[in-house]
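A quick write-up on the structure given underneath.
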Amino acid sequence: MDAYRELEGLFKKLYNFNHLLCLGFWDGRTMMPPKGAAARGEAMAELQRLVHDLLAAPRTRELLDTVQQHLSELSTVEQANVREMELQYTREAALPADFVQRKVRAVTAARAAWPACKRDNDFAAFLPHMEQTVGIAREEAQHRSAASGEGLYESLFHMYEPGMSMETLTCAFEDVKTWLPGLLREVLDNDKDAVSSIIPMQAPLHFDRQMLLAKHFMRIWGFDFEAGRLDLTVHPFTGMVKEDSRITMSFNEESYKQCVFATIHETGHSKYETSCGPIELRGQPVCEGRSMTVHESQSRFAEVVIGCSSAFAELATPLLREHLGDQPAFTVENVRKLNQQVTRGHIRVKADELSYSLHILARYEIERDLIEGTMEAADVPRVWNDNMKEYLGLETLGRDDIGCLQDIHWSQAYFGYFPTYALGSMFAVQLMATIKKQLGDDVVQECIRTGKMEPIFTLQKELIWDKGCLYETEDLLRRATGERLRTTHFKEHLERRYLRHED
């Protein structure tokens with residue numbers, strides 16, 4: 001069909017433009033000098049405007065309408081591709097072109113200012129940028145809500161998770177709130193003696209050695225260093241495109257955990273994105289990652305479901321000795337205790353599995369209220385402190401560097417993203433339960449223990465990666481695991497690992 005082939009050509013062109021946008025974004029967070037931010041913002045805004053104009057053009061709508069009248073002539077995969085084209089068009093057409101450029105400029109400036117404000121614990125200096133990104137996000141929500149009929153926050157959440165209802169999100173979070181704070185308290189009470197028995201690491205653990213260790217784990221996950229790279233940044237992320245996967249990490253000379261687990265997390269993202277969808281349609285929407293919930297499920301699957309298991313401690317311990325030097329802390333049992341240590345901490349990216357989702361709940365409630373207009377940017381430090389006290393028993397007043405400035409997301413106007421971390425964590429656990437049923441628990445443990453994880457990857461590929469955007473998220477979850485998202489799997493996993501110490 002000529003109209004469909006023309007759409008394929010258009011979306012391949014958009015994919016190529018996105019390659020350059022991703023390169024500018026990656027460079028802005030890794031290599032770009034501070035004084036380059038303004039010019040980069042202008043360049044990115046110009047290119048983003050070009051993408052917008054192509055995608056939201058009347059011709060695109062005309063082609064989509066023509067194809068919709070002849071869907072039966074297309075294959076199942078092509079029909080799914082059209083659905084995703086329609087989604088991308090609808091998202092872009094909801095926004096005025098001048099808004100798209102203003103957003104890029106505002107976000108580029110805020111992202112450039114954020115590292116120094118975080119370093120200096122200076123929320124007052126960041127507040128003008130925060131007010132601007134909140135204003136931009138509210139304006140975007142108004143546009144998207146008007147186009148879709150969805151609620152304001154819901155319209156932004158669906159930018160990151162288009163295939164899951166707010167009802168599913170709300171039910172999952174409300175259920176977790178009824179038992180997770182109590183489970184955290186119970187584990188902390190039970191583990192007092194175990195914590196005192198942990199042998200601390202001998203520092204410093206030098207950066208160059210941690211970098212080599214991180215790359216070793218990337219190779220275990222099958223990362224192709226001829227099609228990607230690893231760099232240092234303030235806040236770890238994975239960027240670029242399938243053919244060029246850029247991973248970033250951060251490190252701490254006091255512990256291997258920040259470097260190792262950030263790298264494994266981002267490698268999980270890369271593994272999914274580079275393996276995603278029908279290979280013959282690479283460059284088409286159907287070949288992209290399904291959603292950020294699914295993306296985060298694959299990164300959390302690698303980082304915590306595998307990486308915090310007892311079997312992983314057996315794999316990691318000799319590698320720690322090899323790369324960082326032998327020391328008393330590097331025994332299998334002590335590494336397991338280090339990796340599974342549960343603490344009340346301020347920093348999300350360092351949080352254990354138990355407290356992690358409580359960090360997400362605190363952020364979700366703040367960004368929801370910001371978008372819905374029931375709080376203002378200036379209120380964030382106070383409300384952040386209140387939420388941290390409620391969920392984790394911690395205070396952050398006067399320490400915004402370990403409070404509301406710790407994450408990069410709001411400087412990028414990524415409002416609606418945070419819930420996908422918790423939803424992805426739940427999905428990851430449910431997926432592992434399915435994989436253990438198919439392979440057997442003993443086989444899974446042996447795969448992890450030896451670092452020969454191809455049988456696990458093969459099932460991930462079959463159940464998730466190969467599907468790309470063929471199915472919407474809730475349908476994909478049911479097809480992969482045989483059931484809807486169930487928080488009972490998450491609860492059982494946490495109790496098994498942290499209460500009963502069976503994993």
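Letters for chains follow the order of the structure tokens (A, B, ...), residue numbers begin at 1 for each chain, and ligand numbers begin at 1 in the order shown.
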
Notebook entry, point to check: Do you know which residues are at most 7 Å from segment 147-153 of chain A counting only C-alpha atoms, after dropping those on the same chain fewer than 6 positions away, and could you put them as a ChimeraX atom specification?
Noted result: /A:94,141,368,371-372,416

Selection file, all heavy atoms, as an mmCIF file, in the first residue's frame:
```cif
data_model
loop_
_atom_site.group_PDB
_atom_site.id
_atom_site.type_symbol
_atom_site.label_atom_id
_atom_site.label_comp_id
_atom_site.auth_asym_id
_atom_site.auth_seq_id
_atom_site.Cartn_x
_atom_site.Cartn_y
_atom_site.Cartn_z
ATOM 1 N N ALA A 94 -0.828 17.352 19.461
ATOM 2 C CA ALA A 94 -1.468 18.018 20.601
ATOM 3 C C ALA A 94 -0.723 19.278 21.016
ATOM 4 O O ALA A 94 -1.279 20.122 21.732
ATOM 5 C CB ALA A 94 -1.557 17.050 21.787
ATOM 6 N N ALA A 141 0.539 19.526 29.947
ATOM 7 C CA ALA A 141 -0.591 18.728 30.426
ATOM 8 C C ALA A 141 -1.915 19.308 29.958
ATOM 9 O O ALA A 141 -2.846 18.556 29.604
ATOM 10 C CB ALA A 141 -0.551 18.639 31.948
ATOM 11 N N ARG A 368 2.530 14.752 40.987
ATOM 12 C CA ARG A 368 1.088 14.774 40.676
ATOM 13 C C ARG A 368 0.455 16.084 41.157
ATOM 14 O O ARG A 368 -0.294 16.745 40.425
ATOM 15 C CB ARG A 368 0.418 13.581 41.352
ATOM 16 C CG ARG A 368 -1.098 13.497 41.155
ATOM 17 C CD ARG A 368 -1.706 12.559 42.172
ATOM 18 N NE ARG A 368 -1.463 13.032 43.543
ATOM 19 C CZ ARG A 368 -1.562 12.252 44.619
ATOM 20 N NH1 ARG A 368 -1.859 10.969 44.508
ATOM 21 N NH2 ARG A 368 -1.340 12.766 45.824
ATOM 22 N N ILE A 371 1.532 19.157 39.040
ATOM 23 C CA ILE A 371 0.865 19.243 37.748
ATOM 24 C C ILE A 371 -0.598 19.631 37.916
ATOM 25 O O ILE A 371 -1.146 20.401 37.119
ATOM 26 C CB ILE A 371 1.000 17.917 36.966
ATOM 27 C CG1 ILE A 371 2.475 17.611 36.683
ATOM 28 C CG2 ILE A 371 0.198 17.969 35.667
ATOM 29 C CD1 ILE A 371 3.228 18.724 35.990
ATOM 30 N N GLU A 372 -1.221 19.138 38.958
ATOM 31 C CA GLU A 372 -2.631 19.436 39.162
ATOM 32 C C GLU A 372 -2.842 20.780 39.847
ATOM 33 O O GLU A 372 -3.984 21.200 40.069
ATOM 34 C CB GLU A 372 -3.289 18.298 39.929
ATOM 35 C CG GLU A 372 -3.319 17.005 39.110
ATOM 36 C CD GLU A 372 -3.984 15.840 39.814
ATOM 37 O OE1 GLU A 372 -4.308 15.980 41.012
ATOM 38 O OE2 GLU A 372 -4.179 14.799 39.162
ATOM 39 N N GLY A 416 5.667 12.598 35.448
ATOM 40 C CA GLY A 416 4.923 11.420 35.024
ATOM 41 C C GLY A 416 5.781 10.189 34.861
ATOM 42 O O GLY A 416 5.267 9.083 34.692
#
```

Q: Identify, on the basis of only C-alpha atoms, every residue whose closest approach to Phe490 of chain A does not exceed 9 Å; exclude the query and any residue fewer than 6 positions from it along the same chain; express the result as a list of chain:residue names.
A: A:Ser425, A:Met426, A:Phe427, A:Ala428, A:Val429, A:Gln430

Output as JSON lines one row per residue of segment 242-323 of chain A within 9 Å of segment 340-364 of chain A: the closest atom pair and its distance in Å to one decimal place, counting only C-alpha atoms, sorted by chain and residue number ascending.
```
{"residue": "A:Lys257", "atom": "CA", "partner": "A:Lys350", "partner_atom": "CA", "distance": 8.1}
{"residue": "A:Gln258", "atom": "CA", "partner": "A:Lys350", "partner_atom": "CA", "distance": 6.7}
{"residue": "A:Phe261", "atom": "CA", "partner": "A:Lys350", "partner_atom": "CA", "distance": 8.8}
{"residue": "A:Ala262", "atom": "CA", "partner": "A:Val349", "partner_atom": "CA", "distance": 7.8}
{"residue": "A:Val304", "atom": "CA", "partner": "A:Glu353", "partner_atom": "CA", "distance": 7.0}
{"residue": "A:Val305", "atom": "CA", "partner": "A:Glu353", "partner_atom": "CA", "distance": 8.9}
{"residue": "A:Cys308", "atom": "CA", "partner": "A:Gln340", "partner_atom": "CA", "distance": 6.0}
{"residue": "A:Ser309", "atom": "CA", "partner": "A:Gln340", "partner_atom": "CA", "distance": 7.8}
{"residue": "A:Ser310", "atom": "CA", "partner": "A:Gln340", "partner_atom": "CA", "distance": 8.5}
```

If you count only C-alpha atoms, which residues fall within 8 Å of Leu7 of chain A, apart from same-chain ones fewer than 4 positions away, as an MDAnalysis selection string? chainID A and resid 3 11 60 63:64

Considering only C-alpha atoms, tabulate each residue of segment 283-399 of chain A that lies at most 12 Å from segment 239-247 of chain A along with its nearest interatomic pair and the corresponding distance in Å to one decimal; arrange the rows by chain and ascending residue number and present them as JSON lines.
```
{"residue": "A:Gly283", "atom": "CA", "partner": "A:Lys242", "partner_atom": "CA", "distance": 9.0}
{"residue": "A:Gln284", "atom": "CA", "partner": "A:Lys242", "partner_atom": "CA", "distance": 11.8}
{"residue": "A:Cys287", "atom": "CA", "partner": "A:Lys242", "partner_atom": "CA", "distance": 10.0}
{"residue": "A:Glu288", "atom": "CA", "partner": "A:Lys242", "partner_atom": "CA", "distance": 9.0}
{"residue": "A:Gly289", "atom": "CA", "partner": "A:Lys242", "partner_atom": "CA", "distance": 10.3}
```

Expected file contents, prior selection, C-alpha atoms, as a compact mmCIF listing (two decimals), in the first residue's frame:
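Saved the output as selection_28.txt:
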```txt
# COMPACT_ATOMS: atom_id res chain seq x y z
CA GLY A 283 13.63 2.34 12.64
CA GLN A 284 9.84 1.92 12.83
CA CYS A 287 10.41 -1.77 16.97
CA GLU A 288 10.84 0.63 19.90
CA GLY A 289 10.64 -0.11 23.63
```

From a backbone DSSP assignment, name each residue in segment 109-276 of chain A labelled strand (DSSP E), as an MDAnalysis selection string.
chainID A and resid 228:232 238:241 244:249

Could the residues of segment 183-287 of chain A that have an atom at most 10 Å from segment 406-411 of chain A be listed as CSV, each with its closest atom pair and the distance in Å to one decimal, counting only C-alpha atoms and ordered by chain and ascending residue number?
```
residue,atom,partner,partner_atom,distance
A:Val234,CA,A:Ile408,CA,9.1
A:His235,CA,A:Ile408,CA,6.9
A:Pro236,CA,A:Ile408,CA,9.6
```

#### Entry: alpha helix (DSSP H) residues, from DSSP on the backbone, in segment 107-322 of chain A, as a PyMOL selection string
chain A and resi 107-119+123-148+152-160+166-190+192-196+207-220+257-274+292-300+310-322

Exercise. For Glu502 of chain A, work out the shell of residues within 12 Å, counting only C-alpha atoms and skipping chain neighbours fewer than 6 positions away, then give it as a PyMOL selection string.
Key: chain A and resi 309-311+336+340+441+445+492-496

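Between Glu266 of chain A and the residues A:Phe301, A:Phe99, A:Phe157, A:Tyr89, the shortest atom-to-atom distance, using only C-alpha atoms, involves A:Phe301.
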
The residue from A:Arg29, A:His501, A:Arg321, A:Arg61 with the smallest atom-to-atom distance to Met201 of chain A, counting only C-alpha atoms, is A:Arg321

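Using only C-alpha atoms, the nearest neighbour of Ala422 of chain A within the list A:Asp231, A:Leu169, A:Val443, A:Leu14 is A:Leu169.
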